[in-house]
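Asker: Structure supplied as query.pdb; contents: PDB, C-alpha atoms.
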ATOM      1  CA  MET P 702     -24.463   0.030 -17.858
ATOM      2  CA  GLN P 703     -22.572   0.055 -14.591
ATOM      3  CA  ASP P 704     -21.748   3.205 -12.765
ATOM      4  CA  THR P 705     -18.102   3.922 -12.194
ATOM      5  CA  PRO P 706     -17.361   3.784  -8.490
ATOM      6  CA  ARG P 707     -16.949   7.225  -6.978
ATOM      7  CA  ARG P 708     -13.534   8.078  -5.712
ATOM      8  CA  SER P 709     -13.300   8.954  -2.065
ATOM      9  CA  GLN P 710     -12.776  12.533  -0.932
ATOM     10  CA  ARG P 711      -9.328  11.509   0.258
ATOM     11  CA  ASP P 712      -8.417  10.144  -3.195
ATOM     12  CA  ARG P 713      -9.639  13.315  -4.898
ATOM     13  CA  SER P 714      -7.761  15.465  -2.414
ATOM     14  CA  GLU P 715      -4.511  13.515  -2.876
ATOM     15  CA  THR P 716      -4.910  13.694  -6.661
ATOM     16  CA  MET P 717      -5.411  17.467  -6.543
ATOM     17  CA  ARG P 718      -2.461  17.968  -4.199
ATOM     18  CA  ALA P 719      -0.249  15.873  -6.480
ATOM     19  CA  ALA P 720      -1.390  17.873  -9.535
ATOM     20  CA  LEU P 721      -0.524  21.132  -7.776
ATOM     21  CA  MET P 722       2.896  19.814  -6.799
ATOM     22  CA  ARG P 723       3.624  18.573 -10.349
ATOM     23  CA  ALA P 724       2.548  21.909 -11.799
ATOM     24  CA  GLY P 725       4.528  23.860  -9.230
ATOM     25  CA  ARG P 726       7.644  21.741  -9.776
ATOM     26  CA  LYS P 727       7.451  22.205 -13.531
ATOM     27  CA  LEU P 728       6.975  25.967 -13.332
ATOM     28  CA  PHE P 729       9.538  26.495 -10.553
ATOM     29  CA  ILE P 730      12.102  24.716 -12.731
ATOM     30  CA  GLU P 731      11.154  26.644 -15.874
ATOM     31  CA  HIS P 732      10.781  30.123 -14.379
ATOM     32  CA  GLY P 733      12.143  30.028 -10.835
ATOM     33  CA  PHE P 734      10.239  30.544  -7.614
ATOM     34  CA  SER P 735       9.934  34.322  -7.713
ATOM     35  CA  ALA P 736       8.848  34.486 -11.368
ATOM     36  CA  THR P 737       6.146  31.846 -10.929
ATOM     37  CA  GLY P 738       2.736  33.118  -9.892
ATOM     38  CA  THR P 739      -0.176  31.269  -8.393
ATOM     39  CA  PRO P 740      -2.368  31.960 -11.465
ATOM     40  CA  GLU P 741       0.138  30.062 -13.619
ATOM     41  CA  ILE P 742       0.308  27.209 -11.120
ATOM     42  CA  VAL P 743      -3.452  26.689 -10.948
ATOM     43  CA  ALA P 744      -3.756  26.973 -14.740
ATOM     44  CA  GLU P 745      -1.017  24.373 -15.226
ATOM     45  CA  ALA P 746      -2.633  22.069 -12.637
ATOM     46  CA  GLY P 747      -6.117  22.609 -14.057
ATOM     47  CA  VAL P 748      -7.582  23.587 -10.680
ATOM     48  CA  THR P 749      -8.965  26.696  -9.032
ATOM     49  CA  ARG P 750      -7.100  29.107  -6.773
ATOM     50  CA  GLY P 751      -9.390  27.937  -3.991
ATOM     51  CA  ALA P 752      -8.063  24.419  -4.475
ATOM     52  CA  LEU P 753      -4.507  25.699  -4.216
ATOM     53  CA  TYR P 754      -5.239  27.499  -0.961
ATOM     54  CA  HIS P 755      -7.171  24.531   0.389
ATOM     55  CA  HIS P 756      -4.001  22.404   0.135
ATOM     56  CA  PHE P 757      -1.292  25.020   0.712
ATOM     57  CA  SER P 758      -1.370  28.239   2.715
ATOM     58  CA  ASP P 759       0.566  30.085   0.013
ATOM     59  CA  LYS P 760       3.039  29.656  -2.852
ATOM     60  CA  GLU P 761       5.912  29.258  -0.397
ATOM     61  CA  ALA P 762       4.147  26.341   1.310
ATOM     62  CA  LEU P 763       3.657  24.666  -2.072
ATOM     63  CA  PHE P 764       7.316  25.255  -2.910
ATOM     64  CA  ALA P 765       8.421  23.838   0.448
ATOM     65  CA  ALA P 766       6.318  20.721  -0.216
ATOM     66  CA  VAL P 767       7.955  20.332  -3.631
ATOM     67  CA  ILE P 768      11.422  20.692  -2.101
ATOM     68  CA  ARG P 769      10.579  18.211   0.674
ATOM     69  CA  ALA P 770       9.377  15.675  -1.917
ATOM     70  CA  GLU P 771      12.584  16.138  -3.928
ATOM     71  CA  ALA P 772      14.723  15.722  -0.789
ATOM     72  CA  GLU P 773      12.815  12.563   0.144
ATOM     73  CA  ALA P 774      13.347  11.126  -3.352
ATOM     74  CA  ILE P 775      17.072  11.861  -3.135
ATOM     75  CA  ALA P 776      17.317  10.295   0.336
ATOM     76  CA  THR P 777      15.507   7.187  -0.887
ATOM     77  CA  GLU P 778      18.016   6.786  -3.714
ATOM     78  CA  ILE P 779      20.930   7.257  -1.312
ATOM     79  CA  GLU P 780      19.544   4.783   1.220
ATOM     80  CA  SER P 781      18.922   2.150  -1.448
ATOM     81  CA  SER P 782      22.449   2.463  -2.862
ATOM     82  CA  GLY P 783      24.283   0.618  -0.117
ATOM     83  CA  GLY P 784      24.168  -2.831   1.244
ATOM     84  CA  PRO P 785      24.890  -4.500   4.566
ATOM     85  CA  ASP P 786      28.145  -5.991   3.230
ATOM     86  CA  HIS P 787      29.750  -2.617   2.445
ATOM     87  CA  SER P 788      32.316  -1.010   4.698
ATOM     88  CA  PRO P 789      31.324   2.355   6.173
ATOM     89  CA  ILE P 790      33.648   4.230   3.789
ATOM     90  CA  ASP P 791      32.303   2.304   0.788
ATOM     91  CA  ALA P 792      28.758   3.045   1.945
ATOM     92  CA  LEU P 793      29.587   6.776   2.233
ATOM     93  CA  ILE P 794      31.169   6.830  -1.225
ATOM     94  CA  GLN P 795      28.275   4.896  -2.767
ATOM     95  CA  GLY P 796      25.816   7.188  -1.015
ATOM     96  CA  GLY P 797      27.655  10.179  -2.464
ATOM     97  CA  GLU P 798      27.552   8.650  -5.935
ATOM     98  CA  ALA P 799      23.828   8.005  -5.494
ATOM     99  CA  PHE P 800      23.330  11.637  -4.449
ATOM    100  CA  LEU P 801      25.112  12.902  -7.569
ATOM    101  CA  ALA P 802      23.068  10.535  -9.741
ATOM    102  CA  ALA P 803      19.815  11.610  -8.065
ATOM    103  CA  MET P 804      20.700  15.263  -8.591
ATOM    104  CA  ARG P 805      20.875  14.647 -12.350
ATOM    105  CA  ALA P 806      17.073  14.386 -12.518
ATOM    106  CA  PRO P 807      15.965  17.192 -14.840
ATOM    107  CA  GLY P 808      15.656  20.471 -12.972
ATOM    108  CA  ARG P 809      16.469  18.996  -9.572
ATOM    109  CA  ALA P 810      19.797  20.800  -9.102
ATOM    110  CA  ARG P 811      18.158  24.132  -9.899
ATOM    111  CA  LEU P 812      15.294  23.467  -7.494
ATOM    112  CA  MET P 813      17.415  22.223  -4.624
ATOM    113  CA  LEU P 814      20.577  24.285  -4.964
ATOM    114  CA  VAL P 815      19.495  27.582  -6.538
ATOM    115  CA  GLU P 816      15.796  28.187  -5.954
ATOM    116  CA  ALA P 817      15.344  26.610  -2.501
ATOM    117  CA  PRO P 818      18.094  28.593  -0.727
ATOM    118  CA  ALA P 819      16.821  31.802  -2.332
ATOM    119  CA  ALA P 820      13.144  31.225  -1.522
ATOM    120  CA  LEU P 821      12.903  29.339   1.753
ATOM    121  CA  PRO P 822      14.023  30.284   5.251
ATOM    122  CA  SER P 823      17.219  28.533   6.328
ATOM    123  CA  GLU P 824      15.308  26.906   9.213
ATOM    124  CA  THR P 825      12.906  25.261   6.762
ATOM    125  CA  LEU P 826      15.787  23.942   4.674
ATOM    126  CA  ALA P 827      17.579  22.687   7.791
ATOM    127  CA  ASP P 828      14.433  20.836   8.908
ATOM    128  CA  ILE P 829      14.038  19.209   5.490
ATOM    129  CA  ASP P 830      17.719  18.243   5.392
ATOM    130  CA  ALA P 831      17.642  16.853   8.938
ATOM    131  CA  ALA P 832      14.744  14.588   7.983
ATOM    132  CA  THR P 833      16.310  13.381   4.729
ATOM    133  CA  GLY P 834      19.842  13.487   3.272
ATOM    134  CA  GLY P 835      21.492  15.319   6.152
ATOM    135  CA  ARG P 836      20.352  12.634   8.559
ATOM    136  CA  THR P 837      21.623   9.896   6.230
ATOM    137  CA  LEU P 838      25.030  11.533   5.868
ATOM    138  CA  GLU P 839      25.462  12.044   9.621
ATOM    139  CA  GLU P 840      24.477   8.424  10.282
ATOM    140  CA  GLY P 841      26.995   7.238   7.684
ATOM    141  CA  LEU P 842      29.789   9.304   9.211
ATOM    142  CA  ARG P 843      28.996   8.033  12.716
ATOM    143  CA  ALA P 844      29.012   4.447  11.405
ATOM    144  CA  ALA P 845      32.458   5.165   9.942
ATOM    145  CA  GLY P 846      33.747   6.288  13.356
ATOM    146  CA  VAL P 847      33.357  10.071  13.218
ATOM    147  CA  GLN P 848      32.381  11.057  16.761
ATOM    148  CA  ASP P 849      30.804  14.474  16.215
ATOM    149  CA  ALA P 850      29.448  14.107  12.695
ATOM    150  CA  ARG P 851      27.436  17.350  12.531
ATOM    151  CA  ILE P 852      30.180  19.664  11.231
ATOM    152  CA  PRO P 853      31.872  17.146   8.890
ATOM    153  CA  ALA P 854      28.429  16.273   7.485
ATOM    154  CA  ALA P 855      27.695  19.941   6.811
ATOM    155  CA  LEU P 856      31.032  20.381   5.043
ATOM    156  CA  LEU P 857      30.615  17.230   2.960
ATOM    157  CA  SER P 858      27.067  18.222   2.105
ATOM    158  CA  ALA P 859      28.263  21.597   0.815
ATOM    159  CA  ALA P 860      30.968  19.901  -1.261
ATOM    160  CA  TYR P 861      28.493  17.443  -2.769
ATOM    161  CA  ASP P 862      26.041  20.265  -3.491
ATOM    162  CA  ARG P 863      28.756  22.226  -5.286
ATOM    163  CA  ALA P 864      29.692  19.168  -7.327
ATOM    164  CA  ALA P 865      26.058  18.476  -8.237
ATOM    165  CA  LEU P 866      25.586  22.060  -9.377
ATOM    166  CA  ALA P 867      28.761  21.993 -11.486
ATOM    167  CA  ILE P 868      27.764  18.671 -13.055
ATOM    168  CA  SER P 869      24.259  20.010 -13.804
ATOM    169  CA  GLN P 870      25.921  22.921 -15.615
ATOM    170  CA  GLY P 871      27.928  20.597 -17.838
ATOM    171  CA  ASP P 872      31.092  19.666 -15.929
ATOM    172  CA  SER P 873      32.298  16.099 -16.278
ATOM    173  CA  PRO P 874      31.275  14.080 -13.199
ATOM    174  CA  GLU P 875      34.470  12.021 -12.913
ATOM    175  CA  PRO P 876      36.858  14.707 -11.573
ATOM    176  CA  TRP P 877      34.240  15.792  -9.040
ATOM    177  CA  GLN P 878      33.620  12.203  -7.952
ATOM    178  CA  GLN P 879      37.346  11.544  -7.515
ATOM    179  CA  ALA P 880      37.842  14.720  -5.477
ATOM    180  CA  LEU P 881      34.837  13.898  -3.310
ATOM    181  CA  GLN P 882      36.138  10.389  -2.647
ATOM    182  CA  ARG P 883      39.437  11.866  -1.433
ATOM    183  CA  LEU P 884      37.531  14.338   0.715
ATOM    184  CA  VAL P 885      35.451  11.571   2.323
ATOM    185  CA  ALA P 886      38.563   9.490   2.993
ATOM    186  CA  GLY P 887      40.276  12.519   4.555
ATOM    187  CA  ILE P 888      37.433  13.144   7.009
ATOM    188  CA  LEU P 889      37.370   9.618   8.366
ATOM    189  CA  PRO P 890      39.474   8.731  11.411
TER     190      PRO P 890
END
If you took the structure in this file and wrote it as structure tokens, what would it be?

Answerer:
Amino acid sequence: MQDTPRRSQRDRSETMRAALMRAGRKLFIEHGFSATGTPEIVAEAGVTRGALYHHFSDKEALFAAVIRAEAEAIATEIESSGGPDHSPIDALIQGGEAFLAAMRAPGRARLMLVEAPAALPSETLADIDAATGGRTLEEGLRAAGVQDARIPAALLSAAYDRAALAISQGDSPEPWQQALQRLVAGILP
């Protein structure tokens, strides 16, 4: 009988971190950040509290990691939605459509648009956004000829967030998508 090869410490650590993030995501969606305790998280993940604190300094750090992972997944979907043959406006509109589609992942709108702003400092959220979707949106606006894209990107981001939240609460996506397309077209020079 052959022995099963031992997994490396790094593999075990990554597996435990992923289990904590899955458990945290699930519970943050079900109960919200403030109503989720670390005992529930470690029980759901099947690990000890020591393991939680080995990987994350506290519940907020775990939550921030979950939000960062969600933002990265959204940005990946946005970035993969366009192609080199699209005009800048088409790329912006397709990126917006990809954002709305990505936000339909179960629980994602609640995590990103309700729980995150209530639980995390605005600086943390700004850092996450600057590294993910906010960066993508600013780059798209600059490619479309908007000189100072920071403020228009912030306004468009807020509009898309509002649309995603409304759609997650049952609104039909089409009127929101049409309004957002007009908004994008109106911002471009």

Asker: With only C-alpha atoms as the counted atoms, please give the residues lying no more than 10 Å from Glu780 (chain P), apart from itself and same-chain residues fewer than 3 positions off, as an MDAnalysis selection string.

Answerer: chainID P and resid 774:777 783:784 792 795:796 799:800 833:834 837:838

Asker: Pull the neighbourhood of (0.9, 19.2, -11.1) for me: all residues within 10 Å in file coordinates, counting all atoms listed in the file, as a list of chain:residue names.

Answerer: P:Thr716, P:Met717, P:Arg718, P:Ala719, P:Ala720, P:Leu721, P:Met722, P:Arg723, P:Ala724, P:Gly725, P:Arg726, P:Lys727, P:Leu728, P:Ile742, P:Val743, P:Ala744, P:Glu745, P:Ala746, P:Gly747, P:Val748

Asker: Output the selection as a compact mmCIF listing (two decimals), keeping the file's coordinate frame - C-alpha atoms for each residue.

Answerer:
# COMPACT_ATOMS: atom_id res chain seq x y z
CA THR P 716 -4.91 13.69 -6.66
CA MET P 717 -5.41 17.47 -6.54
CA ARG P 718 -2.46 17.97 -4.20
CA ALA P 719 -0.25 15.87 -6.48
CA ALA P 720 -1.39 17.87 -9.54
CA LEU P 721 -0.52 21.13 -7.78
CA MET P 722 2.90 19.81 -6.80
CA ARG P 723 3.62 18.57 -10.35
CA ALA P 724 2.55 21.91 -11.80
CA GLY P 725 4.53 23.86 -9.23
CA ARG P 726 7.64 21.74 -9.78
CA LYS P 727 7.45 22.20 -13.53
CA LEU P 728 6.98 25.97 -13.33
CA ILE P 742 0.31 27.21 -11.12
CA VAL P 743 -3.45 26.69 -10.95
CA ALA P 744 -3.76 26.97 -14.74
CA GLU P 745 -1.02 24.37 -15.23
CA ALA P 746 -2.63 22.07 -12.64
CA GLY P 747 -6.12 22.61 -14.06
CA VAL P 748 -7.58 23.59 -10.68

Asker: Find the residues around Pro789 (chain P) up to 9 Å (only C-alpha atoms counted), leave out those fewer than 4 positions away in its own chain, and share them as a PyMOL selection string.

Answerer: chain P and resi 793-794+841-846

Asker: Evaluate the PyMOL selection byres ((chain P and resi 884) around 12) against this structure - the residues, as a list in words, please.

Answerer: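 Against this file, the PyMOL selection byres ((chain P and resi 884) around 12) returns the residues Ile790, Leu793, Ile794, Gly797, Pro853, Ala854, Leu856, Leu857, Ser858, Ala859, Ala860, Tyr861, Trp877, Gln878, Gln879, Ala880, Leu881, Gln882, Arg883, Val885, Ala886, Gly887, Ile888 and Leu889 of chain P.
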
Asker: So, counting all atoms listed in the file, which residue among P:Ala803, P:Thr749, P:Glu824, P:His756 is closest to Ser869 (chain P)?

Answerer: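 So, comparing all the options, the nearest one is P:Ala803.
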
Asker: Find, counting all atoms listed in the file, the residue in P:Arg836, P:Arg805, P:Arg713, P:Arg863 that gets nearest to Ala752 (chain P).

Answerer: P:Arg713

Asker: Between P:Ser788, P:Gln848, P:Gln870, P:Ser714, which is the closest to Arg811 (chain P) once you count all atoms listed in the file?

Answerer: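 Closest to Arg811 (chain P), using all atoms listed in the file: P:Gln870.
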
Asker: Within 8 Å of Glu816 (chain P), counting only C-alpha atoms, which residues show up once you throw out same-chain ones fewer than 6 positions away? Write them as a list in words, please.

Answerer: Phe729, Gly733 and Phe734 of chain P

Asker: Work out how far apart CA of Ala772 (chain P) and CA of Met813 (chain P) are and give it in Å to one decimal.

Answerer: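 According to the coordinates, CA of Ala772 (chain P) and CA of Met813 (chain P) are separated by 8.0 Å.
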
Asker: In Å, rounded to a single decimal, give me how far CA of Ala865 (chain P) is from CA of Ala765 (chain P).

Answerer: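 Atom-to-atom, CA of Ala765 (chain P) and CA of Ala865 (chain P) are spaced 20.4 Å apart.
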
Asker: Could you jot down the CA of Pro807 (chain P) to CA of Ile730 (chain P) separation for me, Å, one decimal place?

Answerer: 8.7 Å
